[in-house]
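Participant: model-v8.cif is reproduced in full below (mmCIF, C-alpha atoms).
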```
data_upload
loop_
_atom_site.label_atom_id
_atom_site.label_comp_id
_atom_site.auth_asym_id
_atom_site.auth_seq_id
_atom_site.Cartn_x
_atom_site.Cartn_y
_atom_site.Cartn_z
CA MET A 68 76.46 45.19 0.53
CA MET A 69 76.13 43.01 3.63
CA LYS A 70 79.24 44.60 5.12
CA THR A 71 77.89 48.07 4.47
CA THR A 72 74.53 47.19 6.00
CA SER A 73 76.28 45.76 9.04
CA SER A 74 78.34 48.92 9.46
CA ILE A 75 75.24 51.07 9.21
CA LEU A 76 73.45 48.94 11.80
CA SER A 77 76.45 49.17 14.14
CA TRP A 78 76.58 52.94 13.75
CA THR A 79 72.83 53.13 14.33
CA ARG A 80 73.16 51.15 17.56
CA LEU A 81 75.91 53.52 18.73
CA CYS A 82 73.73 56.52 17.98
CA VAL A 83 70.81 54.99 19.89
CA LEU A 84 73.07 54.26 22.84
CA TRP A 85 74.45 57.80 22.72
CA MET A 86 70.97 59.34 22.61
CA GLY A 87 69.86 57.07 25.43
CA TRP A 88 72.82 58.13 27.55
CA GLN A 89 72.13 61.79 26.76
CA HIS A 90 68.51 61.32 27.80
CA ALA A 91 69.52 59.65 31.06
CA TRP A 92 72.04 62.46 31.75
CA VAL A 93 69.43 65.16 31.12
CA VAL A 94 66.93 63.37 33.36
CA ALA A 95 69.55 62.99 36.06
CA LEU A 96 70.35 66.68 35.93
CA ALA A 97 66.69 67.60 36.01
CA THR A 98 65.94 65.40 39.00
CA SER A 99 69.18 65.93 40.98
CA THR A 100 69.49 68.39 43.82
CA PRO A 101 72.53 70.32 45.08
CA GLU A 102 72.55 68.02 48.10
CA ALA A 103 72.72 64.93 45.94
CA ALA A 104 75.50 66.41 43.86
CA TRP A 105 77.64 66.91 46.98
CA ASN A 106 76.77 63.75 48.90
CA HIS A 107 80.47 63.00 49.30
CA GLY A 108 80.82 66.16 51.42
CA THR A 109 79.69 64.76 54.75
CA ALA A 110 79.13 67.00 57.77
CA GLY A 111 82.24 67.60 59.84
CA PRO A 112 82.35 67.71 63.63
CA PRO A 113 81.89 71.11 65.27
CA ASP A 114 84.98 72.88 66.56
CA ALA A 115 85.54 72.00 70.22
CA ILE A 116 85.73 75.65 71.30
CA LEU A 117 83.61 77.52 68.77
CA GLY A 118 80.90 74.87 68.95
CA ILE A 119 80.54 75.49 72.69
CA ALA A 120 80.38 79.24 72.06
CA GLN A 121 77.57 78.67 69.57
CA ALA A 122 75.65 76.55 72.08
CA PHE A 123 76.07 79.32 74.66
CA ARG A 124 74.62 81.91 72.30
CA GLU A 125 71.59 79.71 71.66
CA CYS A 126 71.00 79.00 75.38
CA THR A 127 68.09 80.85 77.01
CA HIS A 128 68.98 80.14 80.65
CA PRO A 129 68.85 83.44 82.60
CA ASN A 130 72.08 82.70 84.51
CA LYS A 131 74.13 81.24 81.66
CA VAL A 132 77.89 81.79 81.88
CA ASN A 133 80.55 81.41 79.19
CA VAL A 134 83.94 80.40 80.60
CA CYS A 135 85.02 78.69 77.41
CA VAL A 136 86.34 81.10 74.82
CA GLY A 137 89.74 82.65 75.51
CA ALA A 138 88.84 86.31 75.13
CA TYR A 139 89.07 89.01 77.77
CA ARG A 140 85.92 90.41 79.38
CA ASP A 141 85.57 93.31 81.80
CA ASP A 142 83.79 93.33 85.18
CA GLN A 143 80.47 93.63 83.38
CA GLY A 144 81.21 90.61 81.21
CA GLN A 145 81.69 92.74 78.08
CA PRO A 146 84.51 92.81 75.51
CA TRP A 147 87.01 95.57 76.23
CA VAL A 148 88.78 97.60 73.58
CA LEU A 149 91.93 99.01 75.14
CA PRO A 150 91.80 102.83 75.28
CA VAL A 151 95.31 102.92 73.80
CA VAL A 152 94.03 100.97 70.80
CA LYS A 153 91.30 103.55 70.27
CA GLN A 154 93.88 106.33 70.51
CA ALA A 155 96.07 104.64 67.93
CA GLU A 156 93.08 104.24 65.61
CA GLN A 157 92.30 107.93 66.00
CA LEU A 158 95.85 108.80 65.01
CA LEU A 159 95.58 106.53 61.98
CA TRP A 160 92.29 108.16 61.04
CA GLN A 161 93.89 111.60 61.18
CA SER A 162 97.00 110.55 59.28
CA THR A 163 97.45 111.94 55.79
CA THR A 164 99.78 109.10 54.78
CA ASP A 165 97.86 106.05 56.00
CA ASN A 166 96.04 104.15 53.24
CA LYS A 167 94.45 100.82 52.40
CA GLU A 168 96.96 99.60 49.84
CA TYR A 169 98.20 96.01 49.85
CA LEU A 170 101.05 95.27 52.20
CA PRO A 171 104.07 93.36 50.86
CA ILE A 172 103.89 89.58 51.08
CA GLU A 173 105.93 89.64 54.29
CA GLY A 174 103.82 92.41 55.79
CA ASP A 175 104.65 95.77 57.33
CA ALA A 176 108.40 95.77 57.95
CA VAL A 177 108.23 98.40 60.71
CA PHE A 178 105.49 96.47 62.52
CA VAL A 179 107.52 93.24 62.30
CA GLU A 180 110.60 94.99 63.68
CA LYS A 181 108.71 96.52 66.63
CA ALA A 182 106.80 93.31 67.30
CA LEU A 183 109.97 91.24 67.49
CA GLU A 184 111.67 93.81 69.70
CA PHE A 185 108.63 93.46 71.97
CA ALA A 186 109.27 89.70 72.08
CA PHE A 187 113.07 89.46 72.11
CA GLY A 188 114.13 92.83 73.46
CA THR A 189 116.66 95.17 71.92
CA ASP A 190 119.81 93.25 72.90
CA ARG A 191 120.72 91.22 69.82
CA THR A 192 123.90 89.55 71.03
CA ASP A 193 123.97 85.87 71.91
CA THR A 194 125.82 84.19 74.76
CA GLN A 195 129.06 84.24 72.74
CA GLY A 196 128.78 87.91 71.81
CA ASN A 197 127.64 87.29 68.24
CA GLU A 198 125.03 89.60 66.72
CA MET A 199 121.73 87.84 66.03
CA VAL A 200 119.23 88.65 63.31
CA TRP A 201 115.78 87.30 62.56
CA ALA A 202 113.83 86.50 59.43
CA GLY A 203 110.39 87.77 60.38
CA VAL A 204 107.07 88.06 58.57
CA GLN A 205 103.64 89.36 59.50
CA THR A 206 101.01 86.64 59.88
CA LEU A 207 97.32 86.03 60.43
CA SER A 208 97.69 86.06 64.21
CA GLY A 209 99.13 83.08 66.09
CA THR A 210 97.25 80.44 64.12
CA GLY A 211 98.67 81.76 60.86
CA ALA A 212 102.12 81.99 62.41
CA CYS A 213 102.01 78.35 63.50
CA ARG A 214 100.79 77.32 60.05
CA ILE A 215 103.56 79.18 58.22
CA GLY A 216 106.16 77.89 60.68
CA GLY A 217 104.90 74.34 60.28
CA HIS A 218 105.10 74.57 56.49
CA PHE A 219 108.61 76.00 56.68
CA LEU A 220 109.85 73.21 58.95
CA ALA A 221 108.14 70.53 56.86
CA ASN A 222 109.96 71.88 53.82
CA PHE A 223 113.39 72.57 55.26
CA HIS A 224 114.04 70.57 58.43
CA ASP A 225 115.39 67.05 58.03
CA ASN A 226 113.46 65.63 60.99
CA PRO A 227 109.74 66.38 60.37
CA HIS A 228 108.60 65.25 63.83
CA ILE A 229 107.12 67.78 66.24
CA TYR A 230 106.53 67.11 69.93
CA ILE A 231 103.57 68.92 71.50
CA PRO A 232 102.80 69.22 75.24
CA THR A 233 99.99 67.24 76.83
CA PRO A 234 97.66 69.02 77.16
CA THR A 235 97.85 71.94 74.74
CA TRP A 236 95.73 74.35 72.71
CA GLY A 237 93.33 72.20 70.71
CA ASN A 238 94.37 73.60 67.33
CA HIS A 239 98.08 72.75 67.55
CA TYR A 240 97.79 69.15 66.39
CA LYS A 241 95.51 70.01 63.47
CA ILE A 242 97.73 72.83 62.27
CA PHE A 243 100.97 70.88 62.26
CA GLN A 244 99.42 67.74 60.79
CA GLU A 245 98.01 69.84 57.94
CA CYS A 246 101.54 71.12 57.35
CA GLY A 247 102.81 67.57 56.85
CA LEU A 248 104.63 67.22 60.17
CA THR A 249 104.30 64.04 62.23
CA THR A 250 102.94 64.96 65.66
CA HIS A 251 103.90 63.40 68.98
CA SER A 252 103.06 64.31 72.57
CA TYR A 253 105.33 64.93 75.50
CA ARG A 254 104.44 64.98 79.19
CA TYR A 255 103.77 68.41 80.61
CA TYR A 256 101.05 68.32 83.28
CA LYS A 257 100.59 65.95 86.22
CA ALA A 258 96.89 65.56 86.97
CA GLN A 259 97.64 63.83 90.28
CA THR A 260 99.06 67.06 91.68
CA ASN A 261 97.50 69.63 89.33
CA SER A 262 100.99 70.92 88.55
CA LEU A 263 103.80 70.87 86.01
CA ASP A 264 105.28 67.43 85.31
CA PHE A 265 108.82 68.73 85.00
CA ASP A 266 110.52 65.36 85.44
CA GLY A 267 108.35 63.81 82.73
CA LEU A 268 109.02 66.76 80.44
CA LEU A 269 112.80 66.43 80.85
CA GLU A 270 112.70 62.69 80.25
CA ASP A 271 110.66 63.04 77.05
CA VAL A 272 112.91 65.79 75.70
CA GLN A 273 115.95 63.61 76.44
CA ASN A 274 114.46 60.49 74.82
CA ALA A 275 113.28 62.13 71.59
CA PRO A 276 115.52 61.63 68.53
CA ASP A 277 118.18 64.29 68.09
CA GLY A 278 117.01 67.28 66.08
CA SER A 279 113.33 66.85 66.82
CA ILE A 280 111.02 69.87 66.90
CA PHE A 281 109.65 70.80 70.34
CA LEU A 282 106.72 73.16 70.71
CA PHE A 283 106.70 75.28 73.87
CA HIS A 284 104.23 77.90 75.06
CA ALA A 285 106.34 81.00 75.71
CA CYS A 286 104.30 81.84 78.84
CA ALA A 287 100.88 81.23 80.41
CA HIS A 288 100.55 77.70 79.07
CA ASN A 289 97.12 77.02 77.56
CA PRO A 290 95.16 75.31 79.07
CA THR A 291 97.02 74.62 82.35
CA GLY A 292 98.43 78.03 83.32
CA CYS A 293 101.54 76.17 84.55
CA ASP A 294 104.93 77.39 83.34
CA PRO A 295 108.43 76.20 84.18
CA THR A 296 110.35 78.64 86.36
CA LEU A 297 113.35 80.37 84.80
CA ALA A 298 115.58 78.07 86.85
CA GLN A 299 113.79 75.06 85.34
CA TRP A 300 114.12 76.57 81.87
CA LYS A 301 117.88 76.73 82.36
CA ILE A 302 117.98 73.02 83.18
CA LEU A 303 115.73 72.21 80.23
CA THR A 304 117.82 74.34 77.88
CA GLN A 305 120.94 72.28 78.56
CA ILE A 306 119.15 69.16 77.33
CA LEU A 307 117.79 71.03 74.30
CA ILE A 308 121.35 72.06 73.44
CA GLN A 309 122.69 68.56 73.97
CA LYS A 310 119.98 67.11 71.68
CA GLN A 311 120.12 70.00 69.16
CA HIS A 312 116.35 70.13 69.03
CA VAL A 313 114.46 72.79 67.10
CA ILE A 314 112.63 75.09 69.52
CA PHE A 315 109.23 76.33 68.37
CA PHE A 316 107.82 78.95 70.72
CA ASP A 317 104.14 79.88 70.55
CA SER A 318 103.67 83.24 72.29
CA ALA A 319 100.04 84.26 72.70
CA TYR A 320 100.03 85.87 76.15
CA GLN A 321 103.15 88.01 76.59
CA GLY A 322 102.27 90.73 79.10
CA PHE A 323 98.89 89.14 79.72
CA ALA A 324 100.24 86.42 82.00
CA SER A 325 101.88 88.38 84.81
CA GLY A 326 101.10 91.90 83.67
CA ASP A 327 104.80 92.44 82.89
CA SER A 328 105.76 91.81 79.26
CA ILE A 329 109.48 91.63 80.08
CA GLN A 330 108.94 89.05 82.81
CA ASP A 331 106.66 87.03 80.54
CA ALA A 332 109.36 86.99 77.84
CA ALA A 333 112.15 85.82 80.17
CA ALA A 334 112.17 82.17 79.06
CA LEU A 335 111.87 83.06 75.38
CA ARG A 336 114.75 85.55 75.59
CA TYR A 337 116.95 83.16 77.58
CA VAL A 338 116.58 80.39 75.00
CA TRP A 339 116.83 82.79 72.07
CA LYS A 340 120.23 84.07 73.24
CA GLN A 341 121.85 80.63 73.53
CA ALA A 342 124.56 80.52 70.86
CA GLU A 343 124.55 76.72 70.98
CA LEU A 344 120.86 76.59 69.99
CA PRO A 345 120.87 77.75 66.37
CA LYS A 346 117.34 76.66 65.47
CA VAL A 347 114.75 78.71 67.34
CA VAL A 348 111.49 79.96 65.81
CA LEU A 349 108.62 82.04 67.20
CA ALA A 350 104.91 82.29 66.48
CA GLN A 351 103.62 85.53 68.01
CA SER A 352 100.06 86.81 68.43
CA PHE A 353 98.63 90.18 69.45
CA ALA A 354 95.07 88.89 69.85
CA LYS A 355 95.08 88.54 73.63
CA ASN A 356 97.59 91.09 74.89
CA PHE A 357 96.38 93.93 72.64
CA GLY A 358 92.77 92.74 72.50
CA LEU A 359 92.97 92.57 68.69
CA TYR A 360 91.14 89.28 68.35
CA GLY A 361 89.38 89.99 65.08
CA GLU A 362 92.27 91.88 63.49
CA ARG A 363 94.35 88.70 63.00
CA CYS A 364 97.67 90.27 63.84
CA GLY A 365 100.87 88.33 64.52
CA THR A 366 104.35 87.40 63.32
CA PHE A 367 106.48 84.36 62.57
CA SER A 368 110.24 84.62 62.92
CA ILE A 369 113.35 82.47 62.58
CA LYS A 370 116.64 82.99 64.41
CA CYS A 371 119.42 83.58 61.86
CA ARG A 372 123.19 83.77 62.09
CA SER A 373 123.74 86.24 59.25
CA THR A 374 121.99 88.75 57.04
CA GLU A 375 122.58 86.44 54.08
CA GLU A 376 120.79 83.59 55.87
CA LYS A 377 117.97 85.95 56.81
CA GLU A 378 117.37 86.96 53.19
CA ARG A 379 117.40 83.34 52.00
CA LEU A 380 114.85 82.28 54.59
CA LEU A 381 112.67 85.33 54.00
CA SER A 382 112.48 84.39 50.33
CA GLN A 383 111.18 80.94 51.28
CA LEU A 384 108.65 82.38 53.73
CA ARG A 385 107.33 84.61 50.94
CA LEU A 386 106.90 81.55 48.73
CA ILE A 387 104.82 79.89 51.47
CA ILE A 388 102.65 82.95 52.07
CA ARG A 389 101.97 84.02 48.48
CA PRO A 390 99.71 81.09 47.45
CA MET A 391 98.17 80.91 50.93
CA TYR A 392 96.77 84.44 51.39
CA SER A 393 99.06 86.68 49.31
CA SER A 394 99.52 89.44 51.92
CA PRO A 395 98.30 90.16 55.46
CA PRO A 396 95.69 92.71 56.62
CA ARG A 397 97.11 96.06 57.63
CA HIS A 398 94.76 97.54 60.23
CA GLY A 399 95.79 95.52 63.29
CA SER A 400 99.49 95.75 62.52
CA SER A 401 99.14 99.51 62.05
CA ILE A 402 97.63 99.78 65.54
CA VAL A 403 100.44 97.79 67.18
CA LYS A 404 103.09 99.69 65.23
CA THR A 405 101.58 103.04 66.19
CA VAL A 406 101.57 102.10 69.88
CA LEU A 407 105.04 100.57 70.03
CA GLN A 408 106.64 103.44 68.10
CA ASP A 409 105.42 106.01 70.63
CA ASP A 410 106.91 106.00 74.15
CA THR A 411 103.82 107.57 75.72
CA LEU A 412 101.42 105.14 74.07
CA THR A 413 103.70 102.22 74.92
CA ALA A 414 103.71 103.18 78.60
CA GLN A 415 99.92 103.50 78.53
CA TYR A 416 99.66 100.10 76.85
CA TYR A 417 101.74 98.44 79.56
CA GLU A 418 99.43 99.86 82.22
CA GLU A 419 96.29 98.69 80.45
CA CYS A 420 97.67 95.23 79.74
CA ALA A 421 98.68 94.92 83.39
CA SER A 422 95.15 95.87 84.44
CA MET A 423 93.76 92.91 82.48
CA ALA A 424 96.23 90.52 84.11
CA GLN A 425 95.45 91.95 87.54
CA ARG A 426 91.69 91.54 87.09
CA ILE A 427 92.16 87.91 86.12
CA GLN A 428 94.40 87.27 89.12
CA THR A 429 91.76 88.86 91.35
CA MET A 430 89.16 86.50 89.91
CA ARG A 431 91.41 83.54 90.75
CA THR A 432 91.68 84.59 94.37
CA GLN A 433 87.99 85.36 94.68
CA LEU A 434 86.93 82.10 93.01
CA VAL A 435 88.94 80.03 95.49
CA GLN A 436 87.48 82.05 98.37
CA ALA A 437 83.96 81.63 96.99
CA LEU A 438 84.49 77.85 96.69
CA GLN A 439 85.54 77.73 100.32
CA ASN A 440 82.53 79.82 101.30
CA ALA A 441 80.30 77.41 99.38
CA GLY A 442 81.60 74.59 101.58
CA SER A 443 84.15 72.96 99.29
CA LYS A 444 86.72 70.80 101.08
CA HIS A 445 89.02 70.49 98.07
CA ASP A 446 92.43 72.10 97.84
CA TRP A 447 91.98 74.70 95.07
CA SER A 448 95.37 76.38 95.59
CA HIS A 449 96.47 75.35 92.10
CA VAL A 450 93.94 77.82 90.69
CA THR A 451 95.74 80.76 92.32
CA GLN A 452 99.18 79.37 91.50
CA GLN A 453 98.44 79.16 87.79
CA ILE A 454 98.81 82.21 85.55
CA GLY A 455 97.30 83.60 82.39
CA MET A 456 93.78 83.51 81.07
CA PHE A 457 92.87 79.97 82.08
CA ALA A 458 92.53 77.84 85.19
CA PHE A 459 92.93 74.10 84.78
CA THR A 460 90.63 73.04 87.57
CA GLY A 461 91.03 69.26 87.64
CA MET A 462 87.33 68.69 87.00
CA THR A 463 86.46 65.62 84.96
CA ALA A 464 84.47 65.55 81.72
CA SER A 465 81.35 64.36 83.57
CA MET A 466 81.63 67.25 86.02
CA CYS A 467 81.93 69.69 83.13
CA ASP A 468 78.93 68.11 81.42
CA ALA A 469 76.92 68.57 84.61
CA LEU A 470 77.93 72.22 84.86
CA THR A 471 76.61 72.80 81.36
CA SER A 472 73.45 70.70 81.49
CA GLU A 473 72.35 71.63 85.00
CA TYR A 474 73.71 75.16 85.45
CA ALA A 475 74.22 76.50 81.89
CA ILE A 476 77.92 77.09 82.57
CA TYR A 477 79.74 76.51 79.30
CA LEU A 478 83.33 75.25 79.36
CA THR A 479 85.55 72.71 77.65
CA ARG A 480 85.29 69.13 78.90
CA ASP A 481 88.90 69.06 80.13
CA GLY A 482 88.03 71.28 83.11
CA ARG A 483 89.57 74.45 81.70
CA ILE A 484 87.91 77.69 82.81
CA SER A 485 88.53 81.05 81.18
CA MET A 486 89.05 83.28 84.19
CA ALA A 487 88.23 86.30 82.03
CA GLY A 488 84.65 85.01 81.82
CA LEU A 489 84.19 85.46 85.58
CA ASN A 490 83.06 88.73 87.10
CA PRO A 491 81.43 89.96 90.35
CA GLY A 492 78.01 89.26 88.88
CA ASN A 493 78.51 85.53 88.23
CA LEU A 494 81.36 84.48 90.51
CA GLU A 495 79.28 83.10 93.39
CA TYR A 496 76.90 81.28 91.04
CA VAL A 497 79.83 79.57 89.29
CA ALA A 498 81.52 78.69 92.60
CA GLN A 499 78.34 77.15 94.02
CA ALA A 500 77.82 75.15 90.83
CA ILE A 501 81.42 73.88 90.84
CA HIS A 502 81.04 72.86 94.48
CA ALA A 503 77.81 71.03 93.66
CA VAL A 504 79.38 68.91 90.90
CA THR A 505 82.69 68.26 92.68
CA ASP A 506 81.53 67.69 96.28
CA GLY A 507 82.71 64.32 97.51
CA LYS A 508 84.56 63.56 94.24
CA SER A 509 88.23 63.75 93.32
CA ILE A 510 89.64 66.66 91.30
CA THR A 511 93.06 65.04 90.96
CA GLY A 512 93.63 62.41 88.33
#
```
Written as C-alpha cells, how would this file's structure read?

Facilitator:
Amino acid sequence: MMKTTSSILSWTRLCVLWMGWQHAWVVALATSTPEAAWNHGTAGPPDAILGIAQAFRECTHPNKVNVCVGAYRDDQGQPWVLPVVKQAEQLLWQSTTDNKEYLPIEGDAVFVEKALEFAFGTDRTDTQGNEMVWAGVQTLSGTGACRIGGHFLANFHDNPHIYIPTPTWGNHYKIFQECGLTTHSYRYYKAQTNSLDFDGLLEDVQNAPDGSIFLFHACAHNPTGCDPTLAQWKILTQILIQKQHVIFFDSAYQGFASGDSIQDAAALRYVWKQAELPKVVLAQSFAKNFGLYGERCGTFSIKCRSTEEKERLLSQLRLIIRPMYSSPPRHGSSIVKTVLQDDTLTAQYYEECASMAQRIQTMRTQLVQALQNAGSKHDWSHVTQQIGMFAFTGMTASMCDALTSEYAIYLTRDGRISMAGLNPGNLEYVAQAIHAVTDGKSITG
C-alpha cells in the first residue's frame, strides 16, 4: 500500500511539473515577439558597394554624384539600354517559337556556344595543333560563374588554395571562401607608382606551391584599370606553365575596356591556347559589355582535352547547379544569342560597345584636364593610362570620406572612381572637389 501511494505521489509530482512547464511554455509564446525569437540573427554589415549606393539614393544634396557602382551611364547620367539589345528583344517578341519554358540545368546550349566563341574565338587548336573543347554552362552572371567555378575546384582540385590579386573586386574573397577554398593574396598594384607591380606579381606566382589556383582579371582589372601587356603575359605564362597552376579568368569587361572585344580577349586567348597549361577555367559576364546588369547572364567554362572529359565535367557542373538554382533565366541569354547569331546585329553591337568605351576614355582625359584647370599639381597621368570602367586614383580613405561628407560625392574608400558616373554636367564639380581634398597631400602610397 505504501509503495502504491509512493508511486501515485511520484506520478502526481511529474504531472504537476509537466503542467507547470506547459504553462510556462504557453506564457513564453504569448509574451514573445518575432524579434525575441530570432535574437541569434544579429544584423550584418552593409555591402561595401551597395551600401554606398543606398546612401546616395537617400542623400538630398543638390549636386550629389555617384561614382561608386560599376554600371554604365550616358552623358546625361542615365542608364543606357543598347539599341541592339532593344532590337533583339523586338525580334524575340515577334518570334513564334520563343517561350518561357525552363532551360536545361546547364542553360541554353546555343547561347553558351556563341558566348564562348565571343571569349575564345573560333580557332580551337592549341599550340601543339590539338583540338580543344570546353565544358560550358550558363550562369547567373559573373558572380554565379565564380561561385560555380569555386565549388567545382573545391570538389575536384587537389590544391584548394586560390590566390587573388591585391586589390580586387570586393566580392571575390567572399565567393571563394563560401565555396570552401582557402584564399590568399598576391601582389598586383604598386601604390607608390600607381601602376602594375609586375615584378611582385611574378615573384608571388613563382613562390606559390605548385598547382595553386590563380585568379586573373581577363582585362580591365577592377578596381585598378591596370593590365599586363601581352608581352608581360607571355613572360607570366611561362612561370604558370612551370608551376602547373590552375588559371581562373574572370572576364567582366571584354569589349568594354578598349572598345575592341578581340583586343580585350588577347591575354585570355593566348593562355587558353597553351597546350602545356591544361587547367584553365573562365567566368564570363555580359552585365557590363551588353548592359544586361539585371538579366544575370554569364557562363562558366573549363578547358578540356577530349569530348569524353567534357561530358564528365559537365555532369559534375550540373550536380553543382541543380541544388543551387536548378536552371538559369532565359531572357538575357536569349538577347545575347540573338545578337551574336546575326552578323548585322553583331556588327552593330561592336559599334555600340565601342561607343561606351570611348565615352569613358573621353571622361578620363577630361577629368585630368579639369584637375589641372582646378590648380592641381599632382601627376594624374595614371588615370588616362588605366582602362575600363574604373580609375584607381590613389586617394586615401580620409580623402574619400571628405569627398562624401563635404561634397556628396559617393565612392569606395579605396579611391576607386567609376568613370561611367562622370558626365559633362558633373565633371568640373568632381574635379574641383578632388583637388580640394588632395591639395598638398600625397596620392601615392

Participant: Quick one: pull the distance between atom CA of A:Val338 and atom CA of A:Ile454, Å, one decimal.

Facilitator: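 Between atom CA of A:Val338 and atom CA of A:Ile454 the gap is 20.7 Å.
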
Participant: On this structure, which residues satisfy the PyMOL selection byres ((chain A and resi 460) around 8), written as a PyMOL selection string?

Facilitator: chain A and resi 261+447+449-450+458-459+461-462+482-484+510

Participant: Taking only C-alpha atoms into account, which of A:Gln383, A:Ser393, A:Asn226, A:Ser401 comes nearest A:Val177?

Facilitator: A:Ser401

Participant: So how far away is atom CA of A:Cys286 from atom CA of A:Tyr320, in Å?

Facilitator: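 Calculated distance between atom CA of A:Tyr320 and atom CA of A:Cys286 is 6.5 Å.
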
Participant: Using all atoms listed in the file, find the one residue out of A:Arg363, A:Lys508, A:Arg140, A:His312 that sits nearest to A:Pro395.

Facilitator: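 With all atoms listed in the file as the atom set, the closest residue is A:Arg363.
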
Participant: To one decimal place, how far is atom CA of A:Ile306 from atom CA of A:Ile369 in Å?

Facilitator: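 Those two atoms sit 20.7 Å apart.
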
Participant: Choose the residue, out of A:Arg389, A:Arg431, A:His107, A:Arg397, that has the smallest atom-to-atom separation from A:Gly174; count all atoms listed in the file.

Facilitator: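 Of A:Arg389, A:Arg431, A:His107, A:Arg397, the one nearest A:Gly174, counting all atoms listed in the file, is A:Arg397.
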
Participant: Have a look at A:Glu156, A:Glu495, A:Asp294, A:Asp468 and name the one nearest to A:Val435; count all atoms listed in the file.

Facilitator: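 Looking at the shortest contact to A:Val435, the residue is A:Glu495.
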
Participant: Given the file above and the PyMOL selection byres ((chain A and resi 243) around 12), which residues are selected, and can you give them as a ChimeraX atom specification?

Facilitator: /A:210-221,227-231,237-242,244-251,280-282,315

Participant: Decode the PyMOL selection byres ((chain A and resi 148-154) around 10) for the given file into explicit residues and return them as an MDAnalysis selection string.

Facilitator: chainID A and resid 139:141 145:147 155:160 356:359 399 402:403 405:406 411:420 423

Participant: Report as a PDB file with C-alpha atoms, in the coordinates of the input all protein, DNA and RNA residues lying within 12 Å of A:Thr451, evaluated on all atoms listed in the file, omitting residues in the same chain fewer than 5 positions from it.

Facilitator:
```
ATOM      1  CA  ASN A 261      97.500  69.630  89.330  1.00  0.00           C
ATOM      2  CA  SER A 262     100.990  70.920  88.550  1.00  0.00           C
ATOM      3  CA  THR A 291      97.020  74.620  82.350  1.00  0.00           C
ATOM      4  CA  GLY A 292      98.430  78.030  83.320  1.00  0.00           C
ATOM      5  CA  CYS A 293     101.540  76.170  84.550  1.00  0.00           C
ATOM      6  CA  ILE A 427      92.160  87.910  86.120  1.00  0.00           C
ATOM      7  CA  GLN A 428      94.400  87.270  89.120  1.00  0.00           C
ATOM      8  CA  THR A 429      91.760  88.860  91.350  1.00  0.00           C
ATOM      9  CA  MET A 430      89.160  86.500  89.910  1.00  0.00           C
ATOM     10  CA  ARG A 431      91.410  83.540  90.750  1.00  0.00           C
ATOM     11  CA  THR A 432      91.680  84.590  94.370  1.00  0.00           C
ATOM     12  CA  GLN A 433      87.990  85.360  94.680  1.00  0.00           C
ATOM     13  CA  LEU A 434      86.930  82.100  93.010  1.00  0.00           C
ATOM     14  CA  VAL A 435      88.940  80.030  95.490  1.00  0.00           C
ATOM     15  CA  GLN A 436      87.480  82.050  98.370  1.00  0.00           C
ATOM     16  CA  ASP A 446      92.430  72.100  97.840  1.00  0.00           C
ATOM     17  CA  MET A 456      93.780  83.510  81.070  1.00  0.00           C
ATOM     18  CA  PHE A 457      92.870  79.970  82.080  1.00  0.00           C
ATOM     19  CA  ALA A 458      92.530  77.840  85.190  1.00  0.00           C
ATOM     20  CA  PHE A 459      92.930  74.100  84.780  1.00  0.00           C
ATOM     21  CA  THR A 460      90.630  73.040  87.570  1.00  0.00           C
ATOM     22  CA  MET A 486      89.050  83.280  84.190  1.00  0.00           C
TER      23      MET A 486
END
```

Participant: Of the candidates A:Ser352, A:Ser443, A:Asn490, A:Gln453, which shows the shortest atom-to-atom distance to A:Gly209, using all atoms listed in the file?

Facilitator: A:Ser352

Participant: Under the rule that only C-alpha atoms are counted, which of A:Cys364, A:Ala475, A:Ala498, A:Leu349 is the nearest residue to A:Arg124?

Facilitator: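 Of all the options, A:Ala475 lies closest to A:Arg124.
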
Participant: Can you write out as JSON lines which residues of stretch 130-150 of chain A fall within 12 Å of stretch 499-507 of chain A, alongside each residue's closest atom pair and its distance in Å to one decimal, counting all atoms listed in the file and ordering rows by chain and ascending residue number?

Facilitator:
```
{"residue": "A:Asn130", "atom": "CA", "partner": "A:Ala500", "partner_atom": "CA", "distance": 11.4}
{"residue": "A:Lys131", "atom": "CA", "partner": "A:Ala500", "partner_atom": "CA", "distance": 11.6}
{"residue": "A:Val132", "atom": "CA", "partner": "A:Ala500", "partner_atom": "CA", "distance": 11.1}
```

Participant: Given the point (127.2, 80.5, 63.6) in the coordinates of this file, which residues lie within 10 Å, counting all atoms listed in the file, and how would they look as a list of chain:residue names?

Facilitator: A:Asn197, A:Glu198, A:Met199, A:Ala342, A:Glu343, A:Leu344, A:Pro345, A:Cys371, A:Arg372, A:Ser373

Participant: Build an axis-aligned box that encloses every atom of stretch 343-352 of chain A listed in the file, pad it by 5 Å on each side, and report its centre and edge lengths in Å to one decimal, as AutoDock Vina command-line options.

Facilitator:
```
--center_x 112.3 --center_y 81.7 --center_z 68.2 --size_x 34.5 --size_y 20.2 --size_z 15.5
```

Participant: I want to know what sits within 9 Å of A:Ala120, based on all atoms listed in the file, with residues of the same chain fewer than 6 positions away left out; could you give that as a list in words?

Facilitator: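 Listed by chain and then number, they are Asn133, Cys135, Val136, Tyr477 and Leu478 of chain A.
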
Participant: Deliver the residues from the most recent selection as a file, using C-alpha atoms, as an mmCIF file, keeping the file's coordinate frame.

Facilitator:
```
data_model
loop_
_atom_site.group_PDB
_atom_site.id
_atom_site.type_symbol
_atom_site.label_atom_id
_atom_site.label_comp_id
_atom_site.auth_asym_id
_atom_site.auth_seq_id
_atom_site.Cartn_x
_atom_site.Cartn_y
_atom_site.Cartn_z
ATOM 1 C CA ASN A 133 80.550 81.410 79.190
ATOM 2 C CA CYS A 135 85.020 78.690 77.410
ATOM 3 C CA VAL A 136 86.340 81.100 74.820
ATOM 4 C CA TYR A 477 79.740 76.510 79.300
ATOM 5 C CA LEU A 478 83.330 75.250 79.360
#
```
